[in-house]
file coords_29.csv (CSV, C-alpha atoms and all ligand atoms)
chain,number,residue,atom,x,y,z
N,1,MET,CA,0.0,0.0,0.0
N,2,ILE,CA,1.1,3.6,-0.5
N,3,ILE,CA,0.3,6.2,2.1
N,4,SER,CA,0.5,9.9,1.2
N,5,MET,CA,0.9,12.2,4.2
N,6,LYS,CA,-0.6,15.7,4.3
N,7,LEU,CA,1.7,18.6,3.4
N,8,HIS,CA,4.3,19.5,6.0
N,9,SER,CA,3.7,16.5,8.3
N,10,THR,CA,5.8,16.5,11.4
N,11,ARG,CA,8.4,13.9,12.2
N,12,GLU,CA,6.2,12.6,15.0
N,13,GLU,CA,3.2,12.2,12.7
N,14,ILE,CA,5.3,10.3,10.1
N,15,ASP,CA,6.8,8.0,12.8
N,16,GLN,CA,3.3,7.3,14.1
N,17,VAL,CA,2.1,6.1,10.7
N,18,THR,CA,5.3,4.1,10.2
N,19,SER,CA,4.9,2.3,13.4
N,20,ILE,CA,1.3,1.3,12.7
N,21,VAL,CA,2.2,-0.1,9.3
N,22,GLN,CA,5.1,-2.0,10.8
N,23,HIS,CA,2.8,-3.3,13.6
N,24,PHE,CA,0.7,-5.0,10.9
N,25,GLY,CA,3.7,-6.8,9.6
N,26,TYR,CA,4.8,-4.7,6.7
N,27,LYS,CA,8.2,-3.4,5.7
N,28,VAL,CA,8.2,0.4,5.3
N,29,HIS,CA,10.0,2.4,2.6
N,30,SER,CA,9.5,6.1,2.7
N,31,ILE,CA,10.2,8.9,0.2
N,32,GLU,CA,10.7,12.2,2.0
N,33,GLY,CA,10.2,15.2,-0.3
N,34,GLU,CA,10.5,18.9,0.6
N,35,GLU,CA,6.8,19.3,1.4
N,36,ARG,CA,5.3,15.8,1.4
N,37,VAL,CA,6.2,12.3,2.6
N,38,VAL,CA,5.0,9.2,0.9
N,39,ILE,CA,5.2,5.9,2.8
N,40,GLY,CA,5.2,2.5,1.1
N,41,GLY,CA,4.2,-0.6,3.0
N,42,VAL,CA,5.4,-3.9,1.5
N,43,GLY,CA,4.7,-7.5,2.6
N,44,VAL,CA,1.9,-9.6,3.9
N,45,GLY,CA,-0.5,-8.5,6.5
N,46,ASP,CA,-4.1,-7.7,7.3
N,47,VAL,CA,-4.3,-5.1,4.6
N,48,THR,CA,-7.9,-4.0,5.1
N,49,HIS,CA,-7.4,-3.5,8.9
N,50,CYS,CA,-4.1,-1.7,8.4
N,51,MET,CA,-5.5,0.6,5.8
N,52,GLU,CA,-8.5,1.5,7.9
N,53,SER,CA,-6.3,2.2,10.9
N,54,VAL,CA,-4.0,4.5,8.9
N,55,GLU,CA,-6.9,6.2,7.0
N,56,ALA,CA,-8.4,7.2,10.4
N,57,LEU,CA,-5.3,9.4,11.2
N,58,PRO,CA,-5.8,13.1,10.6
N,59,GLN,CA,-2.3,13.6,9.1
N,60,VAL,CA,-2.9,11.0,6.4
N,61,GLU,CA,-4.1,12.4,3.0
N,62,LYS,CA,-4.7,9.2,1.1
N,63,VAL,CA,-4.1,5.4,1.3
N,64,VAL,CA,-3.9,3.4,-1.9
N,65,ARG,CA,-3.9,-0.4,-2.2
N,66,ILE,CA,-1.6,-1.7,-4.8
N,67,THR,CA,-2.3,-5.4,-5.0
N,68,ALA,CA,-5.8,-6.8,-5.8
N,69,PRO,CA,-7.8,-7.9,-2.7
N,70,TYR,CA,-8.3,-11.3,-4.3
N,71,LYS,CA,-5.4,-13.8,-4.4
N,72,PHE,CA,-6.3,-17.2,-5.7
N,73,VAL,CA,-8.4,-16.0,-8.6
N,74,SER,CA,-5.9,-13.4,-9.7
N,75,LYS,CA,-3.8,-13.7,-12.8
N,76,GLU,CA,-0.8,-13.3,-10.7
N,77,PHE,CA,-1.6,-16.6,-9.0
N,78,ARG,CA,-1.6,-18.6,-12.2
N,79,ALA,CA,-0.1,-17.7,-15.5
N,80,GLY,CA,-2.3,-19.8,-17.8
N,81,LYS,CA,-6.0,-20.2,-17.9
N,82,THR,CA,-7.8,-22.6,-15.5
N,83,ARG,CA,-9.2,-25.5,-17.5
N,84,ILE,CA,-12.1,-27.2,-15.9
N,85,LYS,CA,-12.9,-30.8,-16.9
N,86,VAL,CA,-16.6,-31.6,-17.0
N,87,ASN,CA,-17.8,-34.9,-18.3
N,88,GLY,CA,-15.2,-35.3,-21.0
N,89,THR,CA,-15.2,-31.7,-22.1
N,90,GLU,CA,-13.0,-28.8,-20.9
N,91,ILE,CA,-14.1,-25.3,-20.1
N,92,GLY,CA,-11.4,-22.7,-20.4
N,93,GLY,CA,-9.4,-24.7,-23.0
N,94,GLY,CA,-9.4,-24.8,-26.8
N,95,GLU,CA,-13.1,-25.5,-27.3
N,96,PHE,CA,-15.9,-23.0,-27.2
N,97,ILE,CA,-18.4,-24.5,-24.8
N,98,VAL,CA,-22.2,-24.0,-25.1
N,99,MET,CA,-24.6,-24.8,-22.2
N,100,ALA,CA,-28.2,-24.7,-23.2
N,101,GLY,CA,-31.7,-25.7,-22.0
N,102,PRO,CA,-34.8,-24.3,-20.4
N,103,CYS,CA,-34.9,-21.8,-17.6
N,104,SER,CA,-36.8,-24.3,-15.4
N,105,VAL,CA,-37.2,-28.1,-15.6
N,106,GLU,CA,-41.0,-28.4,-16.1
N,107,SER,CA,-41.7,-32.0,-17.1
N,108,GLU,CA,-40.0,-35.1,-18.4
N,109,GLU,CA,-41.2,-34.5,-22.0
N,110,GLN,CA,-40.0,-30.9,-21.9
N,111,ILE,CA,-36.5,-31.6,-20.6
N,112,MET,CA,-36.0,-34.6,-22.8
N,113,ARG,CA,-37.0,-32.8,-25.9
N,114,ALA,CA,-34.8,-29.8,-25.0
N,115,ALA,CA,-31.8,-32.1,-24.1
N,116,GLU,CA,-32.0,-34.0,-27.4
N,117,ALA,CA,-32.2,-30.9,-29.5
N,118,VAL,CA,-29.5,-28.9,-27.8
N,119,ALA,CA,-27.1,-32.0,-27.9
N,120,LYS,CA,-27.8,-32.4,-31.6
N,121,ALA,CA,-27.0,-28.7,-32.2
N,122,GLY,CA,-23.7,-29.0,-30.4
N,123,ALA,CA,-24.2,-28.0,-26.8
N,124,LYS,CA,-22.1,-29.9,-24.3
N,125,LEU,CA,-24.0,-29.1,-21.1
N,126,LEU,CA,-27.7,-29.1,-20.3
N,127,ARG,CA,-29.0,-26.3,-18.2
N,128,GLY,CA,-32.3,-26.3,-16.3
N,129,GLY,CA,-33.3,-25.0,-12.9
N,130,ALA,CA,-34.9,-27.4,-10.4
N,131,PHE,CA,-34.7,-24.8,-7.6
N,132,LYS,CA,-35.8,-21.4,-9.0
N,133,PRO,CA,-35.0,-18.0,-7.4
N,134,ARG,CA,-38.2,-16.1,-8.3
N,135,THR,CA,-38.9,-12.5,-7.5
N,136,SER,CA,-42.5,-13.3,-6.5
N,137,PRO,CA,-43.2,-16.0,-3.9
N,138,TYR,CA,-46.4,-16.8,-6.0
N,139,ASP,CA,-44.4,-17.8,-9.1
N,140,PHE,CA,-43.3,-21.4,-9.9
N,141,GLN,CA,-40.5,-22.3,-7.5
N,142,GLY,CA,-39.1,-25.3,-9.4
N,143,MET,CA,-39.6,-29.1,-9.3
N,144,GLU,CA,-36.9,-29.5,-6.7
N,145,GLU,CA,-35.5,-33.1,-6.4
N,146,GLU,CA,-38.0,-34.4,-8.9
N,147,GLY,CA,-36.5,-31.9,-11.4
N,148,LEU,CA,-33.0,-33.0,-10.5
N,149,LYS,CA,-34.0,-36.6,-11.3
N,150,LEU,CA,-35.3,-35.6,-14.7
N,151,LEU,CA,-32.0,-33.9,-15.4
N,152,GLN,CA,-30.2,-37.1,-14.5
N,153,LYS,CA,-32.5,-38.9,-16.9
N,154,ALA,CA,-31.7,-36.5,-19.7
N,155,LYS,CA,-28.0,-36.8,-19.0
N,156,LYS,CA,-28.3,-40.6,-19.4
N,157,ALA,CA,-30.2,-40.3,-22.6
N,158,THR,CA,-27.9,-37.7,-24.3
N,159,GLY,CA,-24.5,-37.7,-22.6
N,160,LEU,CA,-24.9,-34.0,-21.8
N,161,ALA,CA,-23.4,-32.8,-18.5
N,162,ILE,CA,-25.8,-31.0,-16.1
N,163,VAL,CA,-25.6,-27.5,-14.9
N,164,THR,CA,-28.3,-26.5,-12.4
N,165,GLU,CA,-28.8,-23.9,-9.7
N,166,VAL,CA,-28.3,-24.4,-6.0
N,167,MET,CA,-30.0,-21.7,-3.8
N,168,GLY,CA,-28.8,-22.4,-0.3
N,169,ASP,CA,-26.0,-24.0,1.6
N,170,ASN,CA,-28.4,-26.7,2.9
N,171,GLN,CA,-29.0,-27.8,-0.7
N,172,VAL,CA,-25.4,-28.2,-1.8
N,173,GLU,CA,-25.1,-31.9,-0.9
N,174,LEU,CA,-28.3,-32.8,-2.7
N,175,VAL,CA,-27.7,-30.8,-5.8
N,176,ALA,CA,-24.1,-32.1,-6.0
N,177,GLN,CA,-25.4,-35.6,-6.3
N,178,TYR,CA,-27.0,-34.8,-9.6
N,179,ALA,CA,-25.2,-31.8,-11.1
N,180,ASP,CA,-21.8,-31.8,-12.9
N,181,VAL,CA,-21.7,-28.0,-12.4
N,182,LEU,CA,-23.5,-26.2,-9.6
N,183,GLN,CA,-24.9,-22.8,-10.6
N,184,VAL,CA,-25.0,-19.8,-8.2
N,185,GLY,CA,-27.6,-17.4,-9.5
N,186,ALA,CA,-27.2,-13.7,-9.7
N,187,ARG,CA,-29.3,-13.1,-6.6
N,188,ASN,CA,-27.1,-15.4,-4.6
N,189,MET,CA,-23.7,-14.1,-5.7
N,190,GLN,CA,-23.0,-12.7,-2.2
N,191,ASN,CA,-24.6,-15.5,-0.2
N,192,PHE,CA,-21.4,-16.1,1.6
N,193,MET,CA,-22.6,-19.2,3.5
N,194,LEU,CA,-23.5,-20.8,0.1
N,195,LEU,CA,-20.1,-19.8,-1.4
N,196,LYS,CA,-18.3,-21.3,1.6
N,197,ALA,CA,-20.2,-24.5,1.3
N,198,LEU,CA,-19.4,-24.7,-2.4
N,199,GLY,CA,-15.8,-24.6,-1.5
N,200,LYS,CA,-16.2,-28.1,-0.2
N,201,CYS,CA,-18.7,-29.5,-2.8
N,202,GLY,CA,-16.2,-31.3,-5.0
N,203,LYS,CA,-17.8,-30.1,-8.2
N,204,PRO,CA,-17.2,-27.1,-10.5
N,205,VAL,CA,-19.2,-24.0,-9.8
N,206,LEU,CA,-20.8,-21.6,-12.3
N,207,LEU,CA,-20.9,-18.2,-10.5
N,208,LYS,CA,-23.2,-15.6,-12.1
N,209,ARG,CA,-22.6,-11.9,-11.6
N,210,GLY,CA,-25.0,-10.2,-9.3
N,211,LEU,CA,-27.6,-7.8,-10.7
N,212,SER,CA,-25.8,-4.8,-9.3
N,213,SER,CA,-22.4,-6.2,-8.6
N,214,SER,CA,-19.1,-4.8,-9.7
N,215,ILE,CA,-16.5,-7.0,-11.4
N,216,LYS,CA,-14.4,-6.8,-8.2
N,217,GLU,CA,-17.3,-8.1,-6.1
N,218,LEU,CA,-17.7,-11.0,-8.6
N,219,LEU,CA,-14.1,-11.8,-8.2
N,220,MET,CA,-14.3,-11.6,-4.4
N,221,SER,CA,-17.2,-14.0,-4.4
N,222,ALA,CA,-15.1,-16.4,-6.6
N,223,GLU,CA,-12.3,-16.0,-4.1
N,224,TYR,CA,-14.6,-17.2,-1.3
N,225,ILE,CA,-15.2,-20.5,-3.2
N,226,THR,CA,-11.5,-21.0,-4.0
N,227,ALA,CA,-10.3,-19.9,-0.6
N,228,HIS,CA,-12.6,-22.6,0.9
N,229,GLY,CA,-11.0,-25.3,-1.2
N,230,ASN,CA,-12.6,-25.4,-4.7
N,231,PRO,CA,-10.4,-24.0,-7.5
N,232,ASP,CA,-13.0,-24.9,-10.3
N,233,VAL,CA,-15.0,-21.7,-10.7
N,234,ILE,CA,-16.5,-20.5,-14.0
N,235,LEU,CA,-17.6,-16.9,-14.1
N,236,CYS,CA,-20.7,-15.7,-15.9
N,237,GLU,CA,-21.7,-12.3,-17.2
N,238,ARG,CA,-25.5,-12.2,-17.4
N,239,GLY,CA,-26.2,-8.4,-17.6
N,240,ILE,CA,-26.5,-5.8,-14.9
N,241,ARG,CA,-29.1,-3.3,-13.8
N,242,THR,CA,-28.9,0.1,-15.4
N,243,PHE,CA,-31.4,2.9,-16.3
N,244,GLU,CA,-32.0,1.2,-19.7
N,245,THR,CA,-35.4,-0.4,-20.2
N,246,ALA,CA,-35.1,-1.6,-23.8
N,247,THR,CA,-33.5,-4.8,-22.5
N,248,ARG,CA,-34.2,-6.8,-19.3
N,249,ASN,CA,-30.6,-6.1,-18.2
N,250,THR,CA,-27.7,-4.3,-19.8
N,251,CYS,CA,-25.1,-6.7,-21.1
N,252,ASP,CA,-21.7,-5.6,-19.9
N,253,ILE,CA,-19.9,-7.1,-22.8
N,254,SER,CA,-16.6,-5.5,-21.7
N,255,ALA,CA,-16.8,-7.4,-18.5
N,256,ILE,CA,-15.4,-10.4,-20.4
N,257,PRO,CA,-12.2,-8.9,-21.6
N,258,VAL,CA,-11.8,-7.1,-18.3
N,259,LEU,CA,-12.1,-10.5,-16.5
N,260,ASN,CA,-9.7,-12.1,-18.9
N,261,GLU,CA,-7.2,-9.5,-17.9
N,262,LEU,CA,-7.7,-9.9,-14.2
N,263,THR,CA,-8.3,-13.6,-13.6
N,264,HIS,CA,-7.3,-17.0,-14.9
N,265,LEU,CA,-10.8,-18.4,-14.4
N,266,PRO,CA,-13.0,-19.3,-17.4
N,267,VAL,CA,-15.6,-16.7,-18.3
N,268,ILE,CA,-18.9,-17.4,-20.1
N,269,LEU,CA,-21.7,-15.1,-21.3
N,270,ASP,CA,-25.5,-15.6,-20.7
N,271,PRO,CA,-27.1,-13.7,-23.6
N,272,SER,CA,-30.6,-14.8,-22.5
N,273,HIS,CA,-30.7,-13.0,-19.1
N,274,ALA,CA,-28.5,-10.2,-20.4
N,275,THR,CA,-31.2,-9.2,-23.0
N,276,GLY,CA,-34.5,-10.7,-21.9
N,277,LYS,CA,-35.5,-10.8,-25.5
N,278,ARG,CA,-35.3,-13.8,-27.8
N,279,SER,CA,-34.6,-11.8,-31.0
N,280,LEU,CA,-31.5,-10.2,-29.4
N,281,VAL,CA,-29.9,-13.5,-28.2
N,282,PRO,CA,-28.0,-14.5,-31.3
N,283,ALA,CA,-26.3,-11.1,-31.9
N,284,VAL,CA,-25.2,-10.9,-28.3
N,285,ALA,CA,-24.0,-14.5,-28.3
N,286,ARG,CA,-21.9,-13.6,-31.3
N,287,ALA,CA,-20.5,-10.7,-29.4
N,288,GLY,CA,-19.5,-13.1,-26.6
N,289,VAL,CA,-17.5,-15.2,-29.0
N,290,ALA,CA,-15.8,-12.1,-30.5
N,291,VAL,CA,-14.7,-10.7,-27.1
N,292,GLY,CA,-13.1,-14.0,-26.0
N,293,ALA,CA,-15.7,-15.7,-23.7
N,294,ASP,CA,-15.0,-19.4,-23.1
N,295,GLY,CA,-18.6,-20.2,-23.8
N,296,LEU,CA,-22.3,-19.4,-23.5
N,297,ILE,CA,-25.2,-20.4,-21.4
N,298,VAL,CA,-28.4,-20.0,-23.4
N,299,GLU,CA,-32.1,-20.6,-22.5
N,300,VAL,CA,-33.8,-22.9,-25.0
N,301,HIS,CA,-37.4,-24.3,-24.7
N,302,PRO,CA,-39.4,-26.7,-27.0
N,303,ALA,CA,-42.4,-24.3,-26.7
N,304,PRO,CA,-41.2,-20.9,-25.3
N,305,GLU,CA,-44.8,-19.5,-25.4
N,306,ARG,CA,-45.8,-22.1,-22.8
N,307,ALA,CA,-42.6,-21.8,-20.6
N,308,VAL,CA,-43.3,-21.3,-16.9
N,309,SER,CA,-40.4,-19.0,-16.6
N,310,ASP,CA,-38.4,-16.8,-19.0
N,311,GLY,CA,-40.3,-17.7,-22.1
N,312,ALA,CA,-39.7,-14.3,-23.8
N,313,GLN,CA,-36.0,-14.8,-23.8
N,314,SER,CA,-35.9,-18.5,-24.6
N,315,LEU,CA,-35.1,-19.7,-28.2
N,316,ASP,CA,-37.1,-22.5,-29.6
N,317,LEU,CA,-35.3,-25.7,-30.7
N,318,MET,CA,-35.0,-24.5,-34.4
N,319,GLN,CA,-33.8,-21.0,-33.4
N,320,PHE,CA,-31.1,-22.6,-31.2
N,321,ALA,CA,-30.0,-24.9,-34.0
N,322,ARG,CA,-29.8,-22.0,-36.4
N,323,MET,CA,-27.9,-19.8,-33.9
N,324,MET,CA,-25.4,-22.6,-33.4
N,325,GLU,CA,-24.9,-23.0,-37.1
N,326,ASP,CA,-24.5,-19.2,-37.6
N,327,LEU,CA,-21.9,-19.0,-34.8
N,328,GLN,CA,-19.6,-21.6,-36.4
N,329,PRO,CA,-17.5,-19.1,-38.6
N,330,TYR,CA,-17.1,-17.0,-35.5
N,331,ILE,CA,-16.1,-20.0,-33.4
N,332,ALA,CA,-13.5,-20.9,-36.0
N,333,LEU,CA,-11.9,-17.5,-35.7
N,334,TRP,CA,-12.1,-17.9,-31.9
N,335,LYS,CA,-10.3,-21.2,-32.1
N,336,ALA,CA,-7.6,-19.7,-34.3
N,337,ALA,CA,-7.1,-16.8,-31.8
N,338,ARG,CA,-6.9,-19.3,-28.9
N,339,GLN,CA,-4.2,-21.4,-30.7
N,340,LYS,CA,-2.2,-18.2,-31.4
N,341,GLU,CA,-2.5,-17.2,-27.7
N,342,ALA,CA,-1.3,-20.7,-26.7
N,343,LEU,CA,1.7,-20.6,-29.0
N,344,ALA,CA,2.6,-17.1,-27.8
N,345,ALA,CA,2.3,-18.3,-24.1
N,346,ALA,CA,4.5,-21.4,-24.9
N,347,ALA,CA,7.2,-19.1,-26.4
N,348,ARG,CA,7.3,-16.9,-23.3
N,401,LIG,C1,-31.3,-18.6,-14.6
N,401,LIG,O1,-30.2,-19.0,-15.0
N,401,LIG,O2,-32.4,-19.1,-14.9
N,401,LIG,C2,-31.3,-17.5,-13.6
N,401,LIG,C3,-32.2,-17.4,-12.7
N,401,LIG,O3,-30.3,-16.6,-13.9
N,401,LIG,P1,-29.8,-15.4,-13.1
N,401,LIG,O4,-29.4,-15.9,-11.7
N,401,LIG,O5,-28.6,-14.9,-13.9
N,401,LIG,O6,-30.9,-14.4,-13.0
N,402,MN,MN,-34.0,-18.0,-16.4

call {"tool": "encode", "arguments": {"input": "coords_29.csv", "output": "C-alpha cells", "more": "lines below"}}
Ligand code: PEP
Ligand code: MN
result
Amino acid sequence: MIISMKLHSTREEIDQVTSIVQHFGYKVHSIEGEERVVIGGVGVGDVTHCMESVEALPQVEKVVRITAPYKFVSKEFRAGKTRIKVNGTEIGGGEFIVMAGPCSVESEEQIMRAAEAVAKAGAKLLRGGAFKPRTSPYDFQGMEEEGLKLLQKAKKATGLAIVTEVMGDNQVELVAQYADVLQVGARNMQNFMLLKALGKCGKPVLLKRGLSSSIKELLMSAEYITAHGNPDVILCERGIRTFETATRNTCDISAIPVLNELTHLPVILDPSHATGKRSLVPAVARAGVAVGADGLIVEVHPAPERAVSDGAQSLDLMQFARMMEDLQPYIALWKAARQKEALAAAAR
C-alpha cells in the first residue's frame, strides 16, 4: 500500500504512521520530499485492517492499495487459464463450450426434448433450474429433487453434463449428487454461507454476476469459493441493472475482456438473461464469441410460449440450432485466436 501524508507533516506524525504499518507486519519504505512524505508498506499482513487504521489518522491524505484484494483467482496466482474438466469436455481450453436448456425443468417431456435438441445442435451441457429463485413467492418455484431426477435422466439419454442452480448451503449436498456443475444465481452471488459450502462440494461452480455487482465483487465471491477449497469456478456475465429499459438487463460485454485481464478463471456469457428478448440473443451471443468468452449459457425451450419462466428470452429448438450454425464461422476465428495465444504463451 502507498500512504501519502498531508503537506508538511511533522516527524512525529510520520513516525506514528510508520509504526502502525510495521505493527501490521509490513516493511516500510519512505520517500521524504520537501513538502510531502510518501510511505510505502510492502509485505503480507491484514491489509484492510491496516488501511482502515492509517486512514483514520488526521495527518494522512490518502491510502492506496496496490495489490488486488483477491489472491487465488488473480492472474498473478496462475499464468495460464484454469481448464475445468466436465464430463469429458473442458471449459477454459481450446473449445468454445455452449450450455443450453430451459430456464426451469418443467416435465419429463420438456426436458428430454430440449436435451436431445441442444445436444444435436452442439451443446455440451444441459441447463435447467430445479430450484428457482423467483422475484415473487407466488411464481413457480421449481420441481426440486424431482427436477434433478429428470435432469439425470436427460443426461443418461444424451450424454450431456448437467448445470443446475443451488440456492442455499443446505441444498449443496443434494444438488451435487445430480449436477456436474453447480450454478450460483445472480441473486445469490453474495450468499457467503453458500459460497463457503461450495468450496467443499467437490464439483465445479458456475458463478453468475449479481444484478448490481461490480467486477471486483464478482471476483471476491469467486475468491470465497477458491479460498474454501474449490479452484474450479466458472464466471458468468449475465447483464446488470442500469437505467436502460429496452433490454431486461444491460449486457456488460466489456466485463469479459476485463475479467480475462484480471483472472485465470474461465468466463462465459449468458445472452438470454442479459437481454431478456429472444430476438437479441443470437447477436449478443456472437459478441460473446468475439470478445473471447470461453462459452455461452443459453435458454432454450421446446415451446417458449408455454414456458413457466423466462419464455420471452428463450429460443425454440429450431432457433437454437440456427444460432449454433450461424456461430460456427465466429467460433472458427475464436479457435484460431486461442491457438495463437497458446503458441505465444509457450514461447514466453
Ligand atoms: C437462470 O439461469 O435461470 C437465472 C435465474 O439466472 P440469473 O441468476 O442470472 O438471473
Ligand atoms: Mn431464467

call {"tool": "residues_near_ligand", "arguments": {"input": "coords_29.csv", "ligand": "ligand MN 402 (chain N)", "cutoff": "9 Å", "atoms": "only C-alpha atoms and all ligand atoms", "output": "number ranges by chain"}}
result
N: 102-104, 128-129, 132, 272-273, 299, 309-311, 313-314

call {"tool": "atom_distance", "arguments": {"input": "coords_29.csv", "atom1": "CA of Arg322 in chain N", "atom2": "atom O4 of ligand LIG 401 (chain N)"}}
result
25.4 Å

call {"tool": "residues_near_ligand", "arguments": {"input": "coords_29.csv", "ligand": "ligand LIG 401 (chain N)", "cutoff": "10 Å", "atoms": "all atoms listed in the file", "output": "number ranges by chain"}}
result
N: 101-104, 127-135, 163-165, 167, 183-189, 207-211, 236-240, 249, 270-274, 297-299, 309-310

call {"tool": "closest_residue", "arguments": {"input": "coords_29.csv", "among": "N:Phe77, N:Phe140, N:Tyr178, N:Phe24", "to": "Thr226 in chain N", "atoms": "all atoms listed in the file"}}
result
N:Phe77

call {"tool": "residues_around", "arguments": {"input": "coords_29.csv", "residues": "Val28 in chain N", "least_positions_apart": "5", "cutoff": "7 Å", "atoms": "all atoms listed in the file", "output": "PyMOL selection string"}}
result
chain N and resi 18+22+39-42

call {"tool": "residues_near_point", "arguments": {"input": "coords_29.csv", "point": "(-35.0, -27.6, -26.6)", "cutoff": "7 Å", "atoms": "all atoms listed in the file", "output": "short mmCIF file (atom, residue, chain, number, x, y, z; two decimals) with C-alpha atoms, in the frame of the given file"}}
result
data_model
loop_
_atom_site.label_atom_id
_atom_site.label_comp_id
_atom_site.auth_asym_id
_atom_site.auth_seq_id
_atom_site.Cartn_x
_atom_site.Cartn_y
_atom_site.Cartn_z
CA GLY N 101 -31.70 -25.70 -22.00
CA ARG N 113 -37.00 -32.80 -25.90
CA ALA N 114 -34.80 -29.80 -25.00
CA ALA N 115 -31.80 -32.10 -24.10
CA ALA N 117 -32.20 -30.90 -29.50
CA VAL N 118 -29.50 -28.90 -27.80
CA VAL N 300 -33.80 -22.90 -25.00
CA HIS N 301 -37.40 -24.30 -24.70
CA PRO N 302 -39.40 -26.70 -27.00
CA ASP N 316 -37.10 -22.50 -29.60
CA LEU N 317 -35.30 -25.70 -30.70
#

call {"tool": "atom_distance", "arguments": {"input": "coords_29.csv", "atom1": "CA of Val64 in chain N", "atom2": "CA of Val47 in chain N"}}
result
10.7 Å

call {"tool": "residues_near_point", "arguments": {"input": "coords_29.csv", "point": "(-14.4, -16.3, -31.1)", "cutoff": "7 Å", "atoms": "all atoms listed in the file", "output": "short mmCIF file (atom, residue, chain, number, x, y, z; two decimals) with C-alpha atoms, in the coordinates of the input"}}
result
data_model
loop_
_atom_site.label_atom_id
_atom_site.label_comp_id
_atom_site.auth_asym_id
_atom_site.auth_seq_id
_atom_site.Cartn_x
_atom_site.Cartn_y
_atom_site.Cartn_z
CA VAL N 289 -17.50 -15.20 -29.00
CA ALA N 290 -15.80 -12.10 -30.50
CA VAL N 291 -14.70 -10.70 -27.10
CA GLY N 292 -13.10 -14.00 -26.00
CA TYR N 330 -17.10 -17.00 -35.50
CA ILE N 331 -16.10 -20.00 -33.40
CA ALA N 332 -13.50 -20.90 -36.00
CA LEU N 333 -11.90 -17.50 -35.70
CA TRP N 334 -12.10 -17.90 -31.90
CA LYS N 335 -10.30 -21.20 -32.10
#

call {"tool": "atom_distance", "arguments": {"input": "coords_29.csv", "atom1": "CA of Thr247 in chain N", "atom2": "CA of Gly276 in chain N"}}
result
6.0 Å

call {"tool": "residues_around", "arguments": {"input": "coords_29.csv", "residues": "range 121-126 of chain N", "least_positions_apart": "3", "cutoff": "8 Å", "atoms": "all atoms listed in the file", "output": "number ranges by chain"}}
result
N: 89, 97-101, 115, 117-118, 155, 160-163, 320-321, 324-325

call {"tool": "closest_residue", "arguments": {"input": "coords_29.csv", "among": "N:Lys200, N:Lys156, N:Lys120, N:Arg78", "to": "His228 in chain N", "atoms": "all atoms listed in the file"}}
result
N:Lys200

call {"tool": "closest_residue", "arguments": {"input": "coords_29.csv", "among": "N:Val166, N:Val54, N:Ala119, N:Ile111", "to": "Lys149 in chain N", "atoms": "only C-alpha atoms"}}
result
N:Ile111

call {"tool": "closest_residue", "arguments": {"input": "coords_29.csv", "among": "N:Cys201, N:Val37, N:Met323, N:Ala255", "to": "Lys216 in chain N", "atoms": "all atoms listed in the file"}}
result
N:Ala255

call {"tool": "residues_around", "arguments": {"input": "coords_29.csv", "residues": "Asn230 in chain N", "least_positions_apart": "3", "cutoff": "10 Å", "atoms": "all atoms listed in the file", "output": "list in words"}}
result
Leu195, Lys196, Ala197, Leu198, Gly199, Lys200, Cys201, Gly202, Lys203, Pro204, Val205, Ala222, Glu223, Tyr224, Ile225, Thr226, Ala227 and Val233 of chain N

call {"tool": "closest_residue", "arguments": {"input": "coords_29.csv", "among": "N:Leu265, N:Ser212, N:Asp326, N:Gln171", "to": "Phe243 in chain N", "atoms": "all atoms listed in the file"}}
result
N:Ser212

call {"tool": "closest_residue", "arguments": {"input": "coords_29.csv", "among": "N:Ile253, N:Leu7, N:Met318, N:Val44", "to": "Gln59 in chain N", "atoms": "only C-alpha atoms"}}
result
N:Leu7

call {"tool": "residues_around", "arguments": {"input": "coords_29.csv", "residues": "Leu150 in chain N", "least_positions_apart": "2", "cutoff": "8 Å", "atoms": "only C-alpha atoms", "output": "VMD selection string"}}
result
chain N and resid 105 107 to 108 111 146 to 148 152 to 154
